[in-house]
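Listing of my_file-v8.txt; format and content: compact mmCIF, C-alpha atoms and all ligand atoms.
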# COMPACT_ATOMS: atom_id res chain seq x y z
CA MET D 67 70.01 -7.65 -75.35
CA SER D 68 67.75 -10.51 -76.25
CA SER D 69 67.10 -11.27 -72.56
CA GLY D 70 66.09 -7.64 -71.98
CA THR D 71 63.55 -7.88 -74.77
CA GLY D 72 62.27 -11.10 -73.22
CA ARG D 73 61.69 -9.46 -69.87
CA ARG D 74 59.76 -6.59 -71.44
CA ARG D 75 57.55 -9.06 -73.27
CA LEU D 76 56.97 -11.02 -70.09
CA GLY D 77 56.17 -7.78 -68.24
CA ALA D 78 53.60 -6.87 -70.89
CA LEU D 79 52.07 -10.34 -70.71
CA VAL D 80 51.75 -10.18 -66.91
CA ALA D 81 50.22 -6.69 -67.11
CA GLY D 82 47.72 -7.99 -69.65
CA LEU D 83 46.72 -10.94 -67.45
CA THR D 84 46.30 -8.69 -64.41
CA LEU D 85 44.09 -6.34 -66.41
CA SER D 86 41.84 -9.12 -67.72
CA SER D 87 41.36 -10.74 -64.30
CA ALA D 88 40.57 -7.35 -62.76
CA PHE D 89 37.91 -6.86 -65.45
CA ALA D 90 36.38 -10.28 -64.83
CA ALA D 91 36.17 -9.63 -61.09
CA SER D 92 34.36 -6.31 -61.52
CA ALA D 93 31.92 -7.84 -63.99
CA LEU D 94 31.07 -10.57 -61.46
CA ALA D 95 30.79 -8.02 -58.68
CA GLY D 96 28.41 -5.94 -60.82
CA GLY D 97 25.40 -8.02 -59.77
CA ALA D 98 21.95 -8.44 -61.23
CA VAL D 99 18.95 -6.19 -60.69
CA VAL D 100 15.94 -8.14 -59.44
CA THR D 101 12.32 -6.97 -59.32
CA ARG D 102 9.40 -9.19 -58.33
CA GLY D 103 5.84 -9.23 -57.12
CA ASP D 104 2.83 -11.35 -56.24
CA LEU D 105 0.09 -12.08 -58.74
CA HIS D 106 -3.47 -11.08 -57.95
CA ALA D 107 -6.65 -11.41 -59.97
CA PHE D 108 -7.90 -8.57 -62.11
CA ALA D 109 -11.65 -7.93 -62.35
CA ALA D 110 -11.81 -10.23 -65.38
CA GLY D 111 -10.27 -12.99 -63.29
CA ALA D 112 -12.44 -12.43 -60.23
CA GLY D 113 -13.97 -15.62 -58.98
CA GLN D 114 -10.75 -17.48 -59.73
CA PRO D 115 -8.49 -17.77 -56.67
CA ILE D 116 -5.41 -16.76 -58.65
CA THR D 117 -2.15 -16.53 -56.75
CA GLY D 118 1.52 -16.77 -57.65
CA ARG D 119 4.43 -14.54 -58.43
CA ALA D 120 6.53 -13.04 -61.17
CA GLN D 121 10.17 -12.07 -61.18
CA MET D 122 12.44 -10.13 -63.53
CA VAL D 123 16.23 -10.32 -63.42
CA ARG D 124 18.28 -7.82 -65.39
CA THR D 125 21.68 -9.49 -65.71
CA PRO D 126 25.04 -7.70 -65.72
CA ASP D 127 25.66 -9.01 -69.26
CA GLY D 128 22.61 -7.23 -70.65
CA ARG D 129 19.89 -9.87 -70.67
CA THR D 130 16.49 -9.98 -68.96
CA PHE D 131 15.08 -13.15 -67.40
CA VAL D 132 11.38 -13.26 -66.52
CA THR D 133 9.74 -16.11 -64.62
CA VAL D 134 6.06 -16.55 -63.74
CA HIS D 135 4.43 -19.06 -61.40
CA VAL D 136 0.62 -19.06 -61.30
CA GLU D 137 -1.82 -21.11 -59.25
CA GLY D 138 -5.60 -21.23 -59.25
CA LEU D 139 -6.12 -21.36 -63.01
CA ALA D 140 -8.21 -23.84 -65.01
CA ARG D 141 -6.61 -27.22 -65.64
CA GLY D 142 -4.90 -27.95 -68.94
CA VAL D 143 -5.53 -24.52 -70.42
CA THR D 144 -3.01 -22.41 -72.33
CA TYR D 145 -2.61 -18.84 -71.12
CA ALA D 146 -0.60 -15.94 -72.47
CA SER D 147 1.71 -13.82 -70.34
CA HIS D 148 3.57 -10.61 -71.10
CA VAL D 149 5.58 -7.87 -69.46
CA HIS D 150 3.41 -4.74 -69.41
CA LYS D 151 4.33 -1.06 -69.28
CA GLN D 152 2.15 0.23 -66.45
CA ALA D 153 1.52 -0.79 -62.88
CA CYS D 154 -1.40 -3.19 -62.39
CA ALA D 155 -3.56 -0.40 -60.94
CA VAL D 156 -2.98 1.90 -63.94
CA GLY D 157 -5.39 1.00 -66.74
CA ASP D 158 -5.07 -2.71 -65.93
CA ALA D 159 -1.32 -2.43 -66.64
CA ASP D 160 -1.96 -0.81 -70.05
CA GLY D 161 -0.17 -2.39 -73.04
CA HIS D 162 2.95 -4.43 -73.52
CA TYR D 163 6.41 -3.20 -72.66
CA ARG D 164 8.54 -2.80 -75.79
CA PHE D 165 12.30 -2.28 -76.00
CA ASP D 166 11.60 0.00 -78.97
CA PRO D 167 8.22 1.69 -78.37
CA ALA D 168 7.81 2.20 -82.14
CA GLY D 169 8.86 -1.37 -82.94
CA ALA D 170 7.09 -4.68 -83.42
CA ALA D 171 4.34 -5.93 -81.08
CA THR D 172 6.03 -9.33 -80.73
CA PRO D 173 9.21 -10.76 -79.22
CA PRO D 174 12.08 -10.00 -79.33
CA ASN D 175 10.81 -6.41 -79.08
CA GLU D 176 8.37 -7.47 -76.35
CA ILE D 177 8.97 -9.81 -73.41
CA TRP D 178 6.60 -12.77 -73.28
CA PRO D 179 7.05 -15.36 -70.53
CA GLY D 180 4.49 -17.58 -72.20
CA PRO D 181 2.28 -18.96 -73.51
CA PHE D 182 2.16 -21.70 -70.92
CA THR D 183 -0.25 -24.58 -70.26
CA THR D 184 -1.47 -25.37 -66.77
CA ASN D 185 -1.15 -28.82 -65.24
CA GLU D 186 -3.92 -30.92 -63.67
CA ALA D 187 -3.74 -28.79 -60.53
CA GLY D 188 -4.28 -25.53 -62.43
CA ILE D 189 -0.68 -24.48 -61.91
CA GLY D 190 1.36 -22.86 -64.65
CA ASN D 191 5.01 -21.93 -64.97
CA ALA D 192 6.65 -19.87 -67.66
CA ASN D 193 9.93 -18.15 -68.30
CA THR D 194 11.77 -16.32 -71.01
CA ILE D 195 15.16 -14.76 -71.64
CA ALA D 196 15.28 -11.53 -73.61
CA ASP D 197 18.44 -10.20 -75.20
CA GLY D 198 18.64 -6.69 -73.83
CA THR D 199 18.11 -4.95 -70.52
CA ALA D 200 14.47 -4.12 -69.92
CA GLY D 201 13.94 -0.38 -69.41
CA PRO D 202 12.30 1.27 -66.42
CA ALA D 203 8.83 0.99 -68.00
CA ALA D 204 8.88 -2.82 -67.68
CA VAL D 205 6.93 -2.74 -64.43
CA SER D 206 4.37 -5.54 -64.44
CA VAL D 207 3.53 -9.03 -65.69
CA VAL D 208 0.00 -9.82 -66.89
CA VAL D 209 -1.61 -13.23 -67.41
CA HIS D 210 -4.26 -13.40 -70.14
CA ALA D 211 -7.11 -15.87 -70.54
CA PRO D 212 -7.28 -17.74 -73.87
CA GLY D 213 -9.66 -15.06 -75.20
CA GLY D 214 -7.18 -12.31 -74.33
CA ALA D 215 -8.82 -10.93 -71.18
CA LYS D 216 -6.38 -9.73 -68.52
CA ILE D 217 -7.08 -12.01 -65.58
CA ALA D 218 -4.10 -11.49 -63.27
CA CYS D 219 -1.24 -9.08 -62.70
CA ALA D 220 1.94 -8.70 -60.66
CA ASP D 221 3.70 -5.40 -60.03
CA LEU D 222 7.48 -5.84 -60.33
CA GLU D 223 9.08 -3.91 -57.50
CU CU O 1 -0.36 -8.81 -72.12
Go ahead and express the file in the form of structure tokens.
Ligand SMILES: [Cu+2]
Amino acid sequence: MSSGTGRRRLGALVAGLTLSSAFAASALAGGAVVTRGDLHAFAAGAGQPITGRAQMVRTPDGRTFVTVHVEGLARGVTYASHVHKQACAVGDADGHYRFDPAGAATPPNEIWPGPFTTNEAGIGNANTIADGTAGPAAVSVVVHAPGGAKIACADLE
């Protein structure tokens, strides 16, 4: 009698382990969604040979990583960078992407991979991790000059 109970408990334990490892495998197999694009100068940044790239990774566990690498900027200057809600060619990428469109105009409701300060070669790197999966309107990354002007943009595709 007691050994029968033991076997049922063991059976339940094994079933539970099998279920949890199956879940872990599917979560790993889920994969991340990656969008990226090259930076190019906007009209306000014309004259500066701005190049670089931006990348967004939407992770299976519901976070969003954004990285930006920019070259051709002034040396030792701090620039702002944000995820914007329109393509670069549409109204200079329009305004900032927001998780909640009616919410705050700052992180964590917006995604800001910056500010960042360039090195002596005029190169800047920035990254951020947002809690939440960016929606389909998170389509571009804009770099702003210290005064706020939009000087460069990358379409995330
Ligand atoms: Cu911006």
Could you list, as a ChimeraX atom specification, every residue within 10 Å of Arg124 of chain D, counting only C-alpha atoms and ignoring same-chain residues fewer than 4 positions away? /D:97-101,128-132,195-196,198-201
Using all atoms listed in the file, which residues of the polymer chains come no farther than 9 Å from ligand CU 1 (chain O)? I'd like the answer as a list in words. Ala146, Ser147, His148, Val149, His150, Ala159, Asp160, Gly161, His162, Tyr163, Trp178, Val207, Val208, Val209, His210, Gly214, Ala215 and Lys216 of chain D
When distances are computed from all atoms listed in the file, which of D:Asp197, D:Asp221, D:Asp127, D:Asp158 shows the smallest separation from Pro174 of chain D?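 The shortest atom-to-atom distance to Pro174 of chain D comes from D:Asp197.
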Local residues around (-4.3, -11.6, -58.8), at most 6 Å away, using all atoms listed in the file, as a count of residues only: 8
Would you work out the distance separating atom CA of Gln152 of chain D from atom CA of Thr183 of chain D, expressed in Å to one decimal?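 Pair atom CA of Gln152 of chain D / atom CA of Thr183 of chain D returns 25.2 Å.
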Take atom CA of Pro115 of chain D and atom CA of Ile177 of chain D and report the distance between them in Å, one decimal.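 Separation of atom CA of Pro115 of chain D and atom CA of Ile177 of chain D: 25.5 Å.
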What is the atom CA of Gly142 of chain D to atom CA of Val123 of chain D distance in Å?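 Result for atom CA of Gly142 of chain D versus atom CA of Val123 of chain D: 28.1 Å, one decimal.
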Write out as a list in words which residues come within 6 Å of Thr133 of chain D when counting all atoms listed in the file, dropping same-chain ones fewer than 3 positions away. Ala120, Gln121, Ala192 and Asn193 of chain D
Put those residues in a file: C-alpha atoms, as an mmCIF file, in the frame of the given file.
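Writing done, so here's again20.cif:
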data_model
loop_
_atom_site.group_PDB
_atom_site.id
_atom_site.type_symbol
_atom_site.label_atom_id
_atom_site.label_comp_id
_atom_site.auth_asym_id
_atom_site.auth_seq_id
_atom_site.Cartn_x
_atom_site.Cartn_y
_atom_site.Cartn_z
ATOM 1 C CA ALA D 120 6.530 -13.040 -61.170
ATOM 2 C CA GLN D 121 10.170 -12.070 -61.180
ATOM 3 C CA ALA D 192 6.650 -19.870 -67.660
ATOM 4 C CA ASN D 193 9.930 -18.150 -68.300
#
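The nearest approach to Gly190 of chain D among the residues D:Pro126, D:Gly213, D:Gly169, D:Gly118, with all atoms listed in the file taken into account, belongs to D:Gly118.
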For Ala112 of chain D, which of D:Leu222, D:Val205, D:Ile189, D:Leu139 is the closest residue, counting only C-alpha atoms?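 Closest to Ala112 of chain D of all the choices is D:Leu139.
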Write out as AutoDock Vina command-line options an axis-aligned box for segment 145-161 of chain D: all of its atoms listed in the file, 3 Å added on each side, centre and edge lengths in Å with one decimal.
--center_x 0.1 --center_y -8.5 --center_z -67.0 --size_x 17.0 --size_y 26.7 --size_z 18.1
Which residue out of D:Pro212, D:Asn191, D:Ser206, D:Arg141 has the minimum interatomic distance to Arg102 of chain D when all atoms listed in the file are used?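 Of the candidates, the smallest distance to Arg102 of chain D is held by D:Ser206.
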What would segment 191-220 of chain D look like with N, CA and C atoms restored, written as a PDB file, in the frame of the given file?
ATOM      1  N   ASN D 191       3.696 -22.554 -65.106  1.00  0.00           N
ATOM      2  CA  ASN D 191       5.010 -21.930 -64.970  1.00  0.00           C
ATOM      3  C   ASN D 191       5.494 -21.500 -66.341  1.00  0.00           C
ATOM      4  N   ALA D 192       6.135 -20.358 -66.391  1.00  0.00           N
ATOM      5  CA  ALA D 192       6.650 -19.870 -67.660  1.00  0.00           C
ATOM      6  C   ALA D 192       7.904 -19.057 -67.405  1.00  0.00           C
ATOM      7  N   ASN D 193       8.750 -19.015 -68.412  1.00  0.00           N
ATOM      8  CA  ASN D 193       9.930 -18.150 -68.300  1.00  0.00           C
ATOM      9  C   ASN D 193      10.420 -17.787 -69.690  1.00  0.00           C
ATOM     10  N   THR D 194      11.182 -16.732 -69.741  1.00  0.00           N
ATOM     11  CA  THR D 194      11.770 -16.320 -71.010  1.00  0.00           C
ATOM     12  C   THR D 194      13.056 -15.555 -70.733  1.00  0.00           C
ATOM     13  N   ILE D 195      13.919 -15.538 -71.726  1.00  0.00           N
ATOM     14  CA  ILE D 195      15.160 -14.760 -71.640  1.00  0.00           C
ATOM     15  C   ILE D 195      15.173 -13.813 -72.830  1.00  0.00           C
ATOM     16  N   ALA D 196      15.224 -12.526 -72.550  1.00  0.00           N
ATOM     17  CA  ALA D 196      15.280 -11.530 -73.610  1.00  0.00           C
ATOM     18  C   ALA D 196      16.707 -11.005 -73.737  1.00  0.00           C
ATOM     19  N   ASP D 197      17.145 -10.827 -74.965  1.00  0.00           N
ATOM     20  CA  ASP D 197      18.440 -10.200 -75.200  1.00  0.00           C
ATOM     21  C   ASP D 197      18.251  -8.707 -75.097  1.00  0.00           C
ATOM     22  N   GLY D 198      18.807  -8.118 -74.068  1.00  0.00           N
ATOM     23  CA  GLY D 198      18.640  -6.690 -73.830  1.00  0.00           C
ATOM     24  C   GLY D 198      18.190  -6.469 -72.408  1.00  0.00           C
ATOM     25  N   THR D 199      18.508  -5.300 -71.881  1.00  0.00           N
ATOM     26  CA  THR D 199      18.110  -4.950 -70.520  1.00  0.00           C
ATOM     27  C   THR D 199      16.795  -4.201 -70.563  1.00  0.00           C
ATOM     28  N   ALA D 200      15.773  -4.773 -69.931  1.00  0.00           N
ATOM     29  CA  ALA D 200      14.470  -4.120 -69.920  1.00  0.00           C
ATOM     30  C   ALA D 200      14.583  -2.726 -69.307  1.00  0.00           C
ATOM     31  N   GLY D 201      13.909  -1.756 -69.901  1.00  0.00           N
ATOM     32  CA  GLY D 201      13.940  -0.380 -69.410  1.00  0.00           C
ATOM     33  C   GLY D 201      13.057  -0.206 -68.185  1.00  0.00           C
ATOM     34  N   PRO D 202      13.057   1.007 -67.641  1.00  0.00           N
ATOM     35  CA  PRO D 202      12.300   1.270 -66.420  1.00  0.00           C
ATOM     36  C   PRO D 202      10.793   1.139 -66.573  1.00  0.00           C
ATOM     37  N   ALA D 203      10.281   1.137 -67.800  1.00  0.00           N
ATOM     38  CA  ALA D 203       8.830   0.990 -68.000  1.00  0.00           C
ATOM     39  C   ALA D 203       8.364  -0.457 -67.914  1.00  0.00           C
ATOM     40  N   ALA D 204       9.265  -1.393 -67.783  1.00  0.00           N
ATOM     41  CA  ALA D 204       8.880  -2.820 -67.680  1.00  0.00           C
ATOM     42  C   ALA D 204       8.526  -3.102 -66.230  1.00  0.00           C
ATOM     43  N   VAL D 205       7.282  -2.778 -65.852  1.00  0.00           N
ATOM     44  CA  VAL D 205       6.930  -2.740 -64.430  1.00  0.00           C
ATOM     45  C   VAL D 205       5.921  -3.782 -63.969  1.00  0.00           C
ATOM     46  N   SER D 206       5.375  -4.576 -64.885  1.00  0.00           N
ATOM     47  CA  SER D 206       4.370  -5.540 -64.440  1.00  0.00           C
ATOM     48  C   SER D 206       4.354  -6.751 -65.371  1.00  0.00           C
ATOM     49  N   VAL D 207       3.752  -7.829 -64.877  1.00  0.00           N
ATOM     50  CA  VAL D 207       3.530  -9.030 -65.690  1.00  0.00           C
ATOM     51  C   VAL D 207       2.037  -9.347 -65.625  1.00  0.00           C
ATOM     52  N   VAL D 208       1.428  -9.530 -66.798  1.00  0.00           N
ATOM     53  CA  VAL D 208       0.000  -9.820 -66.890  1.00  0.00           C
ATOM     54  C   VAL D 208      -0.204 -11.219 -67.455  1.00  0.00           C
ATOM     55  N   VAL D 209      -1.188 -11.940 -66.881  1.00  0.00           N
ATOM     56  CA  VAL D 209      -1.610 -13.230 -67.410  1.00  0.00           C
ATOM     57  C   VAL D 209      -2.952 -13.018 -68.108  1.00  0.00           C
ATOM     58  N   HIS D 210      -3.046 -13.547 -69.338  1.00  0.00           N
ATOM     59  CA  HIS D 210      -4.260 -13.400 -70.140  1.00  0.00           C
ATOM     60  C   HIS D 210      -4.983 -14.735 -70.285  1.00  0.00           C
ATOM     61  N   ALA D 211      -6.304 -14.692 -70.238  1.00  0.00           N
ATOM     62  CA  ALA D 211      -7.110 -15.870 -70.540  1.00  0.00           C
ATOM     63  C   ALA D 211      -6.991 -16.165 -72.028  1.00  0.00           C
ATOM     64  N   PRO D 212      -7.379 -17.392 -72.445  1.00  0.00           N
ATOM     65  CA  PRO D 212      -7.280 -17.740 -73.870  1.00  0.00           C
ATOM     66  C   PRO D 212      -7.943 -16.716 -74.796  1.00  0.00           C
ATOM     67  N   GLY D 213      -9.017 -16.073 -74.366  1.00  0.00           N
ATOM     68  CA  GLY D 213      -9.660 -15.060 -75.200  1.00  0.00           C
ATOM     69  C   GLY D 213      -8.958 -13.726 -75.198  1.00  0.00           C
ATOM     70  N   GLY D 214      -7.947 -13.556 -74.358  1.00  0.00           N
ATOM     71  CA  GLY D 214      -7.180 -12.310 -74.330  1.00  0.00           C
ATOM     72  C   GLY D 214      -7.426 -11.455 -73.098  1.00  0.00           C
ATOM     73  N   ALA D 215      -8.512 -11.743 -72.355  1.00  0.00           N
ATOM     74  CA  ALA D 215      -8.820 -10.930 -71.180  1.00  0.00           C
ATOM     75  C   ALA D 215      -7.672 -10.968 -70.177  1.00  0.00           C
ATOM     76  N   LYS D 216      -7.408  -9.807 -69.573  1.00  0.00           N
ATOM     77  CA  LYS D 216      -6.380  -9.730 -68.520  1.00  0.00           C
ATOM     78  C   LYS D 216      -6.978 -10.260 -67.228  1.00  0.00           C
ATOM     79  N   ILE D 217      -6.476 -11.397 -66.766  1.00  0.00           N
ATOM     80  CA  ILE D 217      -7.080 -12.010 -65.580  1.00  0.00           C
ATOM     81  C   ILE D 217      -6.240 -11.888 -64.319  1.00  0.00           C
ATOM     82  N   ALA D 218      -4.947 -11.627 -64.454  1.00  0.00           N
ATOM     83  CA  ALA D 218      -4.100 -11.490 -63.270  1.00  0.00           C
ATOM     84  C   ALA D 218      -2.901 -10.632 -63.586  1.00  0.00           C
ATOM     85  N   CYS D 219      -2.341 -10.032 -62.509  1.00  0.00           N
ATOM     86  CA  CYS D 219      -1.240  -9.080 -62.700  1.00  0.00           C
ATOM     87  C   CYS D 219      -0.325  -9.098 -61.484  1.00  0.00           C
ATOM     88  N   ALA D 220       0.958  -8.878 -61.732  1.00  0.00           N
ATOM     89  CA  ALA D 220       1.940  -8.700 -60.660  1.00  0.00           C
ATOM     90  C   ALA D 220       2.728  -7.430 -60.934  1.00  0.00           C
TER      91      ALA D 220
END
